[in-house]
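Below is upload_29.cif, holding mmCIF, C-alpha atoms and all ligand atoms.
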data_start
loop_
_atom_site.label_atom_id
_atom_site.label_comp_id
_atom_site.auth_asym_id
_atom_site.auth_seq_id
_atom_site.Cartn_x
_atom_site.Cartn_y
_atom_site.Cartn_z
CA MET T 12 4.38 29.66 9.75
CA LYS T 13 2.85 26.16 9.54
CA LYS T 14 2.12 24.23 12.72
CA ILE T 15 1.87 20.52 13.30
CA ALA T 16 1.08 18.11 16.14
CA VAL T 17 2.20 14.55 16.86
CA LEU T 18 -0.16 12.09 18.59
CA GLY T 19 1.91 9.57 20.57
CA PHE T 20 5.50 9.52 21.78
CA GLY T 21 6.41 5.81 21.59
CA VAL T 22 9.13 4.38 19.34
CA VAL T 23 7.83 5.89 16.09
CA GLY T 24 6.45 9.06 17.74
CA SER T 25 9.72 9.99 19.42
CA GLY T 26 11.55 9.20 16.16
CA THR T 27 9.17 11.44 14.23
CA VAL T 28 9.73 14.33 16.64
CA GLU T 29 13.51 13.85 16.52
CA VAL T 30 13.69 13.64 12.71
CA PHE T 31 11.37 16.64 12.34
CA CYS T 32 13.39 18.79 14.75
CA LYS T 33 16.80 17.70 13.44
CA ASN T 34 15.92 18.38 9.80
CA LYS T 35 13.64 21.36 10.42
CA GLU T 36 15.62 23.87 8.33
CA ALA T 37 15.75 21.59 5.31
CA LEU T 38 12.06 20.78 5.70
CA GLU T 39 11.21 24.49 5.86
CA LYS T 40 12.94 24.98 2.50
CA LYS T 41 10.91 22.13 1.02
CA VAL T 42 7.64 23.51 2.36
CA GLY T 43 8.59 27.12 1.61
CA ASP T 44 7.49 28.36 5.04
CA GLY T 45 8.52 28.28 8.69
CA LEU T 46 7.56 25.14 10.63
CA ASP T 47 6.63 24.60 14.23
CA LEU T 48 5.92 21.40 16.15
CA LYS T 49 3.32 22.85 18.51
CA TYR T 50 2.03 19.81 20.43
CA ILE T 51 2.89 16.23 21.31
CA LEU T 52 -0.04 14.25 22.73
CA GLU T 53 1.23 11.81 25.36
CA ILE T 54 -0.39 10.40 28.48
CA ARG T 55 2.90 9.90 30.33
CA ASP T 56 4.39 12.83 32.28
CA CYS T 57 6.95 14.59 30.08
CA PRO T 58 8.91 11.53 28.89
CA ASP T 59 11.57 13.73 27.23
CA GLU T 60 12.80 17.00 28.79
CA ARG T 61 13.95 18.37 25.41
CA PHE T 62 10.33 18.77 24.29
CA ARG T 63 8.91 19.77 27.70
CA ASP T 64 6.91 22.78 26.39
CA LYS T 65 5.17 20.70 23.70
CA PHE T 66 3.57 17.88 25.69
CA THR T 67 -0.16 17.84 26.33
CA LYS T 68 -2.43 15.13 27.69
CA ASN T 69 -5.52 16.79 26.24
CA PHE T 70 -6.39 15.90 22.64
CA ASP T 71 -8.80 18.87 22.50
CA ASP T 72 -5.84 21.28 22.74
CA ILE T 73 -4.85 20.02 19.30
CA LEU T 74 -8.29 19.54 17.82
CA ASN T 75 -9.45 23.03 18.75
CA ASP T 76 -6.30 24.85 17.72
CA PRO T 77 -6.92 26.33 14.25
CA GLU T 78 -3.18 26.93 13.80
CA VAL T 79 -2.49 23.18 13.61
CA SER T 80 -2.99 22.12 10.01
CA VAL T 81 -1.31 18.69 9.96
CA VAL T 82 -1.45 15.98 12.62
CA ALA T 83 0.77 12.88 12.70
CA GLU T 84 -0.94 9.89 14.38
CA VAL T 85 1.64 7.42 15.70
CA ILE T 86 -0.23 5.95 18.66
CA GLY T 87 -1.00 2.64 16.95
CA GLY T 88 -4.06 0.41 17.39
CA VAL T 89 -7.56 1.58 16.64
CA LYS T 90 -9.06 2.20 20.07
CA TYR T 91 -7.96 5.84 20.47
CA SER T 92 -6.45 6.62 17.09
CA TYR T 93 -9.65 6.10 15.06
CA GLY T 94 -11.63 8.73 16.97
CA TYR T 95 -8.71 11.17 17.02
CA VAL T 96 -7.97 10.81 13.30
CA LYS T 97 -11.63 11.11 12.33
CA ALA T 98 -12.07 14.21 14.47
CA CYS T 99 -8.95 15.86 13.00
CA LEU T 100 -10.05 15.20 9.42
CA GLU T 101 -13.55 16.50 10.15
CA ALA T 102 -11.96 19.62 11.67
CA GLY T 103 -10.16 20.25 8.37
CA LYS T 104 -6.70 19.04 9.44
CA SER T 105 -4.70 16.65 7.26
CA VAL T 106 -3.57 13.49 9.02
CA VAL T 107 -0.55 11.29 8.36
CA THR T 108 -0.11 7.93 10.07
CA SER T 109 2.13 4.89 10.41
CA ASN T 110 -0.82 2.91 11.80
CA LYS T 111 -1.41 -0.10 9.54
CA GLU T 112 -4.25 -1.46 11.68
CA LEU T 113 -6.12 1.82 11.35
CA VAL T 114 -5.59 2.08 7.58
CA ALA T 115 -6.37 -1.60 6.94
CA THR T 116 -9.63 -1.52 8.92
CA LYS T 117 -10.85 2.07 8.48
CA GLY T 118 -8.99 3.31 5.39
CA ALA T 119 -11.95 3.64 3.00
CA GLU T 120 -13.97 5.59 5.55
CA LEU T 121 -11.12 7.92 6.55
CA LEU T 122 -10.14 8.59 2.92
CA LYS T 123 -13.78 9.50 2.22
CA ILE T 124 -13.90 11.89 5.18
CA ALA T 125 -10.62 13.47 4.06
CA ARG T 126 -12.10 14.07 0.57
CA GLU T 127 -15.26 15.57 2.02
CA HIS T 128 -13.18 18.07 3.98
CA ASN T 129 -10.64 18.74 1.22
CA VAL T 130 -7.72 17.54 3.33
CA ASN T 131 -5.39 14.55 3.10
CA PHE T 132 -5.01 11.23 4.84
CA PHE T 133 -1.52 9.90 4.07
CA PHE T 134 -0.02 6.61 5.30
CA GLU T 135 3.32 5.97 3.59
CA ALA T 136 4.82 4.64 6.86
CA SER T 137 2.07 2.05 7.33
CA VAL T 138 3.64 -0.40 4.86
CA GLY T 139 7.33 -1.27 4.58
CA GLY T 140 8.61 1.17 7.23
CA GLY T 141 11.08 3.43 5.41
CA ILE T 142 10.46 1.94 1.95
CA PRO T 143 8.62 4.28 -0.42
CA ILE T 144 5.77 2.08 -1.70
CA ILE T 145 2.40 3.80 -1.21
CA ARG T 146 3.23 6.89 -3.26
CA PRO T 147 5.09 4.98 -6.03
CA LEU T 148 2.17 2.56 -6.32
CA ASN T 149 -0.30 5.39 -6.37
CA GLN T 150 1.57 7.80 -8.61
CA CYS T 151 4.53 6.34 -10.52
CA LEU T 152 2.71 3.12 -11.44
CA SER T 153 -0.70 4.75 -11.74
CA THR T 154 -0.96 4.22 -15.50
CA ASP T 155 -0.35 0.48 -15.17
CA GLU T 156 -2.81 -2.27 -14.42
CA ILE T 157 -1.45 -3.95 -11.28
CA GLU T 158 -1.60 -7.74 -11.67
CA GLU T 159 0.09 -8.93 -8.53
CA ILE T 160 1.84 -7.75 -5.37
CA ALA T 161 3.89 -10.03 -3.14
CA GLY T 162 6.08 -9.03 -0.28
CA ILE T 163 8.02 -9.64 2.84
CA LEU T 164 6.14 -7.05 4.83
CA ASN T 165 7.10 -7.65 8.45
CA GLY T 166 10.55 -6.84 9.79
CA THR T 167 10.19 -8.77 13.06
CA THR T 168 9.34 -12.11 11.48
CA ASN T 169 11.92 -11.71 8.74
CA PHE T 170 14.51 -10.98 11.43
CA ILE T 171 13.43 -14.12 13.35
CA LEU T 172 13.48 -16.33 10.25
CA THR T 173 16.91 -15.00 9.26
CA LYS T 174 18.29 -15.83 12.71
CA MET T 175 16.77 -19.33 12.52
CA ILE T 176 18.07 -19.97 8.99
CA LYS T 177 21.54 -18.43 9.24
CA GLU T 178 22.41 -18.90 12.92
CA ASN T 179 20.28 -21.89 13.95
CA MET T 180 18.85 -19.64 16.66
CA GLY T 181 15.62 -20.69 18.36
CA PHE T 182 12.38 -18.79 17.81
CA ASP T 183 12.01 -17.30 21.32
CA GLU T 184 15.55 -15.94 21.50
CA ALA T 185 15.25 -14.32 18.06
CA LEU T 186 11.92 -12.71 19.01
CA LYS T 187 13.42 -11.29 22.20
CA ILE T 188 16.20 -9.58 20.21
CA ALA T 189 13.66 -8.20 17.70
CA GLN T 190 11.71 -6.71 20.62
CA GLU T 191 14.84 -5.15 22.10
CA LEU T 192 15.63 -3.56 18.75
CA GLY T 193 12.17 -1.92 18.66
CA TYR T 194 10.94 -3.86 15.61
CA ALA T 195 8.09 -5.81 17.20
CA GLU T 196 4.57 -4.58 17.93
CA ARG T 197 3.62 -3.94 21.56
CA ASP T 198 1.85 -7.29 21.35
CA PRO T 199 4.27 -9.31 19.18
CA SER T 200 1.61 -11.90 18.37
CA ALA T 201 0.47 -9.43 15.70
CA ASP T 202 3.87 -9.96 14.06
CA VAL T 203 4.41 -13.68 14.56
CA GLU T 204 0.81 -14.73 13.86
CA GLY T 205 0.87 -12.84 10.54
CA HIS T 206 -1.73 -10.15 11.33
CA ASP T 207 0.69 -7.27 10.72
CA THR T 208 1.64 -8.68 7.30
CA CYS T 209 -2.04 -9.25 6.56
CA ARG T 210 -2.91 -5.62 7.33
CA LYS T 211 -0.12 -4.40 5.07
CA ILE T 212 -1.05 -6.60 2.10
CA CYS T 213 -4.67 -5.47 2.58
CA ILE T 214 -3.57 -1.82 2.32
CA LEU T 215 -1.54 -2.51 -0.83
CA ALA T 216 -4.35 -4.57 -2.39
CA SER T 217 -6.94 -1.88 -1.59
CA LEU T 218 -4.78 0.78 -3.22
CA ALA T 219 -3.85 -1.35 -6.23
CA PHE T 220 -7.33 -2.73 -6.96
CA GLY T 221 -9.43 0.24 -5.79
CA ARG T 222 -11.70 -1.63 -3.33
CA HIS T 223 -11.22 -2.03 0.39
CA VAL T 224 -9.80 -5.43 1.33
CA TYR T 225 -10.59 -6.13 5.00
CA PRO T 226 -8.08 -8.19 7.04
CA ASP T 227 -10.85 -10.27 8.64
CA ASN T 228 -11.63 -11.79 5.23
CA ILE T 229 -8.08 -12.84 4.46
CA HIS T 230 -6.59 -16.23 5.27
CA THR T 231 -3.63 -15.54 7.57
CA GLU T 232 -0.95 -17.83 8.98
CA GLY T 233 2.11 -16.82 10.97
CA ILE T 234 5.52 -18.32 11.58
CA THR T 235 5.05 -19.88 15.03
CA LYS T 236 4.82 -23.44 13.72
CA ILE T 237 8.04 -23.32 11.68
CA THR T 238 10.83 -25.47 13.07
CA LEU T 239 14.55 -25.77 12.40
CA GLU T 240 13.73 -29.16 10.81
CA ASP T 241 11.60 -27.39 8.18
CA VAL T 242 14.42 -24.89 7.60
CA LYS T 243 16.86 -27.76 6.95
CA TYR T 244 14.56 -29.63 4.55
CA CYS T 245 13.99 -26.43 2.58
CA GLU T 246 17.72 -25.79 2.42
CA SER T 247 18.12 -29.19 0.76
CA MET T 248 16.08 -27.91 -2.19
CA ASN T 249 17.93 -24.55 -2.32
CA SER T 250 15.03 -22.71 -0.77
CA VAL T 251 14.29 -20.53 2.24
CA ILE T 252 11.17 -19.90 4.31
CA LYS T 253 9.72 -16.37 4.26
CA LEU T 254 6.49 -14.90 5.59
CA ILE T 255 4.76 -13.63 2.44
CA GLY T 256 1.71 -11.46 1.88
CA PHE T 257 0.37 -11.66 -1.65
CA ALA T 258 -2.52 -10.22 -3.64
CA ALA T 259 -3.19 -11.22 -7.23
CA LYS T 260 -5.89 -10.15 -9.65
CA ARG T 261 -7.78 -13.06 -11.22
CA GLY T 262 -10.34 -11.58 -13.63
CA ASP T 263 -12.78 -9.53 -11.56
CA GLU T 264 -11.69 -11.27 -8.37
CA VAL T 265 -8.63 -11.02 -6.15
CA ALA T 266 -6.64 -13.74 -4.37
CA VAL T 267 -5.12 -12.45 -1.12
CA MET T 268 -3.28 -14.44 1.54
CA THR T 269 -0.63 -14.21 4.27
CA CYS T 270 1.40 -17.35 4.88
CA PRO T 271 4.91 -18.62 5.51
CA ALA T 272 6.15 -19.93 2.19
CA VAL T 273 9.02 -21.84 0.64
CA ILE T 274 10.83 -19.56 -1.81
CA ASN T 275 13.62 -20.62 -4.16
CA GLU T 276 17.02 -19.05 -3.39
CA GLU T 277 17.03 -17.43 -6.83
CA SER T 278 13.93 -15.36 -6.10
CA GLN T 279 14.51 -11.67 -5.45
CA LEU T 280 12.59 -12.14 -2.19
CA ALA T 281 14.84 -14.96 -0.94
CA GLY T 282 17.86 -12.73 -0.30
CA VAL T 283 15.89 -10.26 1.82
CA ASN T 284 17.18 -10.76 5.34
CA ASP T 285 17.03 -9.36 8.89
CA VAL T 286 14.69 -6.41 9.36
CA PHE T 287 14.60 -5.66 5.63
CA ASN T 288 11.35 -5.89 3.67
CA ALA T 289 10.82 -6.20 -0.07
CA ILE T 290 7.71 -5.69 -2.15
CA LEU T 291 7.41 -7.04 -5.67
CA VAL T 292 4.83 -5.27 -7.84
CA ARG T 293 3.93 -6.90 -11.16
CA SER T 294 2.02 -4.75 -13.65
CA ASP T 295 1.04 -4.99 -17.29
CA ALA T 296 3.28 -2.30 -18.78
CA THR T 297 6.25 -2.09 -16.42
CA GLY T 298 6.59 -5.78 -15.54
CA ASP T 299 8.25 -6.49 -12.18
CA VAL T 300 9.44 -3.73 -9.85
CA VAL T 301 10.93 -4.56 -6.45
CA PHE T 302 11.01 -2.09 -3.56
CA TYR T 303 13.56 -2.90 -0.83
CA GLY T 304 14.63 -1.37 2.46
CA LYS T 305 14.26 -1.38 6.23
CA GLY T 306 10.72 -2.42 7.05
CA ALA T 307 10.67 -1.55 10.75
CA GLY T 308 12.54 0.48 13.32
CA LYS T 309 12.32 3.94 14.81
CA TYR T 310 14.09 6.13 12.25
CA PRO T 311 13.16 4.41 8.95
CA THR T 312 9.48 4.58 9.93
CA ALA T 313 9.81 8.12 11.30
CA SER T 314 11.40 9.21 8.03
CA ALA T 315 8.29 8.09 6.12
CA VAL T 316 6.00 9.86 8.61
CA VAL T 317 7.93 13.13 8.30
CA ALA T 318 7.94 12.86 4.49
CA ASP T 319 4.13 12.58 4.64
CA ILE T 320 3.97 15.62 6.96
CA VAL T 321 5.93 17.63 4.39
CA ASN T 322 3.68 16.41 1.58
CA ALA T 323 0.56 17.27 3.52
CA LEU T 324 1.92 20.74 4.33
CA LYS T 325 2.70 21.39 0.65
CA THR T 326 -0.75 20.33 -0.58
CA ASP T 327 -3.80 22.57 -0.13
CA HIS T 328 -6.36 20.11 -1.55
CA THR T 329 -7.19 16.41 -1.40
CA THR T 330 -4.92 14.20 -3.51
CA ARG T 331 -7.82 12.54 -5.29
CA SER T 332 -5.88 9.56 -6.61
CA MET T 333 -5.11 8.43 -3.03
CA HIS T 334 -8.40 6.66 -2.71
CA TRP T 335 -10.28 3.37 -2.73
CA GLU T 336 -13.95 2.52 -2.46
CA ASP T 337 -15.55 0.70 0.41
CA SER T 338 -17.17 -2.51 -0.83
CA ALA T 339 -18.59 -5.93 -0.04
CA GLN T 340 -15.96 -8.68 0.06
CA ASP T 341 -17.41 -10.80 -2.74
CA PHE T 342 -14.41 -10.06 -4.96
CA ILE T 343 -12.04 -11.93 -2.61
CA ILE T 344 -11.58 -15.54 -3.72
CA PRO T 345 -12.10 -17.93 -0.75
CA TYR T 346 -8.65 -19.35 -0.08
CA ARG T 347 -9.83 -22.98 -0.29
CA LYS T 348 -10.49 -22.40 -4.00
CA LEU T 349 -6.83 -21.44 -4.64
CA SER T 350 -4.14 -23.89 -5.80
CA ASN T 351 -0.48 -24.26 -4.81
CA ARG T 352 2.34 -26.68 -4.50
CA PHE T 353 2.93 -27.68 -0.86
CA TYR T 354 5.82 -28.74 1.35
CA VAL T 355 4.85 -31.39 3.93
CA ARG T 356 6.77 -32.90 6.86
CA ALA T 357 5.12 -36.00 8.29
CA ALA T 358 5.68 -38.96 10.62
CA GLU T 359 4.79 -41.46 7.93
CA ASP T 360 6.28 -44.03 5.58
CA ARG T 361 6.83 -43.16 1.92
CA LYS T 362 4.41 -45.73 0.56
CA THR T 363 1.48 -44.29 2.55
CA VAL T 364 2.38 -40.80 1.32
CA GLU T 365 2.52 -41.93 -2.32
CA ASP T 366 -0.77 -43.76 -2.01
CA ILE T 367 -2.39 -40.49 -1.00
CA PHE T 368 -0.46 -37.86 -2.94
CA GLY T 369 0.83 -39.83 -5.94
CA GLU T 370 4.23 -38.76 -7.22
CA VAL T 371 6.02 -36.28 -4.90
CA ARG T 372 9.52 -34.78 -4.63
CA TRP T 373 11.27 -36.31 -1.60
CA LEU T 374 13.52 -34.15 0.59
CA SER T 375 16.20 -35.11 3.10
CA ARG T 376 18.06 -33.67 6.07
CA ASP T 377 20.88 -34.89 8.32
CA GLY T 378 19.75 -36.56 11.52
CA ALA T 379 16.13 -37.11 10.53
CA PRO T 380 14.45 -39.86 12.61
CA ASP T 381 13.46 -43.00 10.68
CA ASN T 382 9.74 -42.32 10.86
CA GLU T 383 9.98 -38.74 9.54
CA CYS T 384 9.69 -37.79 5.90
CA ALA T 385 9.36 -34.54 3.96
CA PHE T 386 8.19 -33.94 0.40
CA VAL T 387 6.81 -31.39 -2.06
CA THR T 388 3.51 -32.04 -3.83
CA GLY T 389 2.45 -31.08 -7.32
CA GLU T 390 -0.09 -28.27 -7.79
CA LEU T 391 -3.16 -28.98 -5.66
CA ASN T 392 -6.33 -27.21 -4.70
CA GLU T 393 -6.19 -26.05 -1.04
CA ALA T 394 -9.31 -27.97 -0.01
CA VAL T 395 -8.07 -31.16 -1.68
CA PHE T 396 -4.69 -30.74 0.02
CA GLU T 397 -6.32 -30.35 3.44
CA GLU T 398 -8.39 -33.46 2.85
CA LYS T 399 -5.31 -35.51 1.85
CA CYS T 400 -3.34 -34.22 4.86
CA SER T 401 -6.09 -35.35 7.22
CA LYS T 402 -5.12 -38.94 6.29
CA LEU T 403 -1.48 -38.46 7.37
CA ASN T 404 0.31 -37.76 10.62
CA VAL T 405 1.41 -34.30 9.48
CA LEU T 406 4.12 -32.44 11.44
CA GLY T 407 4.20 -29.29 9.33
CA THR T 408 3.09 -27.82 5.99
CA LEU T 409 4.09 -24.79 3.94
CA ARG T 410 3.06 -23.41 0.57
CA VAL T 411 5.69 -23.37 -2.16
CA LEU T 412 5.44 -20.06 -4.02
CA ASP T 413 7.10 -19.04 -7.28
CA TYR T 414 8.21 -15.43 -6.89
N1 LIG A 501 6.21 -4.71 13.85
C1 LIG A 501 6.33 -4.20 12.53
C2 LIG A 501 7.36 -5.03 11.77
C3 LIG A 501 6.73 -2.76 12.58
O1 LIG A 501 8.10 -5.79 12.44
O2 LIG A 501 7.44 -4.96 10.56
C4 LIG A 501 6.69 -2.04 11.25
O3 LIG A 501 5.42 -2.01 10.70
#

Could you quickly redo this structure as structure tokens?
Amino acid sequence: MKKIAVLGFGVVGSGTVEVFCKNKEALEKKVGDGLDLKYILEIRDCPDERFRDKFTKNFDDILNDPEVSVVAEVIGGVKYSYGYVKACLEAGKSVVTSNKELVATKGAELLKIAREHNVNFFFEASVGGGIPIIRPLNQCLSTDEIEEIAGILNGTTNFILTKMIKENMGFDEALKIAQELGYAERDPSADVEGHDTCRKICILASLAFGRHVYPDNIHTEGITKITLEDVKYCESMNSVIKLIGFAAKRGDEVAVMTCPAVINEESQLAGVNDVFNAILVRSDATGDVVFYGKGAGKYPTASAVVADIVNALKTDHTTRSMHWEDSAQDFIIPYRKLSNRFYVRAAEDRKTVEDIFGEVRWLSRDGAPDNECAFVTGELNEAVFEEKCSKLNVLGTLRVLDY
């Protein structure tokens, strides 16, 4: 009989418990042994009667129980989870988690501790919710040299942008619905300011390029400044706005960024709507592979957590390929050295714009006021673009990306 524990009984935690209990018989066949969910760590008083005998408020009950071999951490944040996860790994228990903040900030250290104790630290649910991406990247594409990864990695913001683009819905109303559906983080600024996407692209970049990419070193922009006017101008050039996280290898260095971007309708990423996520992986031998599915929500995320539990239960040694080195951040290219095309909306006349930017592609929308214009620049260095923009009355800017 193999015994597990779940830390946290929020949206993902309760989903994990439900999926585990509902599919227990099938999971037992996969593991080849009986399974028991022995504890659920939760500070609230018995939030679900069905699992009354499993709740504990004392983490030590789990840590000191030698029968528990796998622990699922679904508390979120770093404050409590980091200490709990570290202690479990050091006690010889494998840990699985959906916690992108924990993996993005402490991944290298926790993977190292897992190796030292011959256990596993798995985190399939931390990126793309129910989409299998960590294991495919780590195993199926392991013979390839990864050149680039780009993705829509946040369900909440993609849901909001879809509502704005397809239903002309305002930002606040769309966010409220995303919260009600259980997609958003407890503090939704992590979603809308781009930090959640940033953490996820950092995890993918760390895994793909073998060195820890820390979120604090990555230029990150969210979607709070996007307006329906921008949506309309982009529509006029057959494009949509998506929040994109990308990481690209450039020699020995890596370019990583999170930003809202203008994407042509023909891109595989453009048709990804609502809570769905998509991750494009470009590698030398395989070319482009796109992973698509529900990127947030109770059951898709819980499914990935339970799959990791099963994997951890089936494995009696560290999966050595699931690893990256800690490192200095000198391999990250400062974003001001990167180049892009840019979309700009400004309260300015065309002549002034052309004096500064030279030839641009002009855009139009119905009902635009006389003093408003919008255009797309040629390829420009980020620092040069910022300098040019400082001479205009800019209302909004976006990068134009070719995926
Ligand atoms: N808040 C996250 C999202 C949850 O909307 O994608 C899944 O990581």

Pairwise distance, atom CA of T:Glu159 with atom CA of T:Val355, equals 26.1 Å

Kindly list the centre and edge lengths in Å, rounded to one decimal, for the axis-aligned box that covers all listed atoms of ligand LIG 501 (chain A) plus 3 Å on each of its six sides, as lines of an AutoDock Vina configuration file.
center_x = 6.8
center_y = -3.9
center_z = 12.2
size_x = 8.7
size_y = 9.8
size_z = 9.3

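From atom CA of T:Leu406 back to atom CA of T:Ala357, the distance works out to 4.9 Å.
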
Test item: residues no farther than 6 Å from ligand LIG 501 (chain A), counting only C-alpha atoms and all ligand atoms, as a ChimeraX atom specification:
/T:140,165-167,194-196,202,306-307

Would you export the selected residues with C-alpha atoms as a short mmCIF file (atom, residue, chain, number, x, y, z; two decimals), keeping the file's coordinate frame, please?
data_model
loop_
_atom_site.label_atom_id
_atom_site.label_comp_id
_atom_site.auth_asym_id
_atom_site.auth_seq_id
_atom_site.Cartn_x
_atom_site.Cartn_y
_atom_site.Cartn_z
CA GLY T 140 8.61 1.17 7.23
CA ASN T 165 7.10 -7.65 8.45
CA GLY T 166 10.55 -6.84 9.79
CA THR T 167 10.19 -8.77 13.06
CA TYR T 194 10.94 -3.86 15.61
CA ALA T 195 8.09 -5.81 17.20
CA GLU T 196 4.57 -4.58 17.93
CA ASP T 202 3.87 -9.96 14.06
CA GLY T 306 10.72 -2.42 7.05
CA ALA T 307 10.67 -1.55 10.75
#

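The space separating atom CA of T:Ile344 from atom CA of T:Asp207 comes to 20.7 Å.
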
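Shortest separation to T:Gly389 among T:Val405, T:Leu122, T:Leu412, T:Ala189 occurs at residue T:Leu412, atoms counted being all atoms listed in the file.
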
Pick out the residues sitting within 8 Å of stretch 79-82 of chain T, and hand them over as a VMD selection string; count all atoms listed in the file, and ignore anything fewer than 5 positions along from it in its own chain.
chain T and resid 13 to 18 49 73 99 103 to 107 320 323 to 324

Rank T:Phe287, T:Phe182, T:Trp373, T:Phe257 by their smallest atom-to-atom distance to T:Lys236, using all atoms listed in the file, and report the top residue only.
T:Phe182

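Nearest-residue note for T:Gly19: choosing from T:Lys117, T:Lys68, T:Lys325, T:Arg293, the minimum distance belongs to T:Lys68, counting all atoms listed in the file.
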
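Every protein or nucleic acid residue with an atom no more than 9 Å from T:Tyr93, counting all atoms listed in the file and leaving out same-chain residues fewer than 3 positions away, appears here: Gly88, Val89, Lys90, Val96, Lys97, Ala98, Leu113, Lys117 and Leu121 of chain T.
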
Out of T:Asp155, T:Glu184, T:Glu240, T:Asp47, which residue has the shortest atom-to-atom distance to T:Asp377 when counting all atoms listed in the file?
T:Glu240
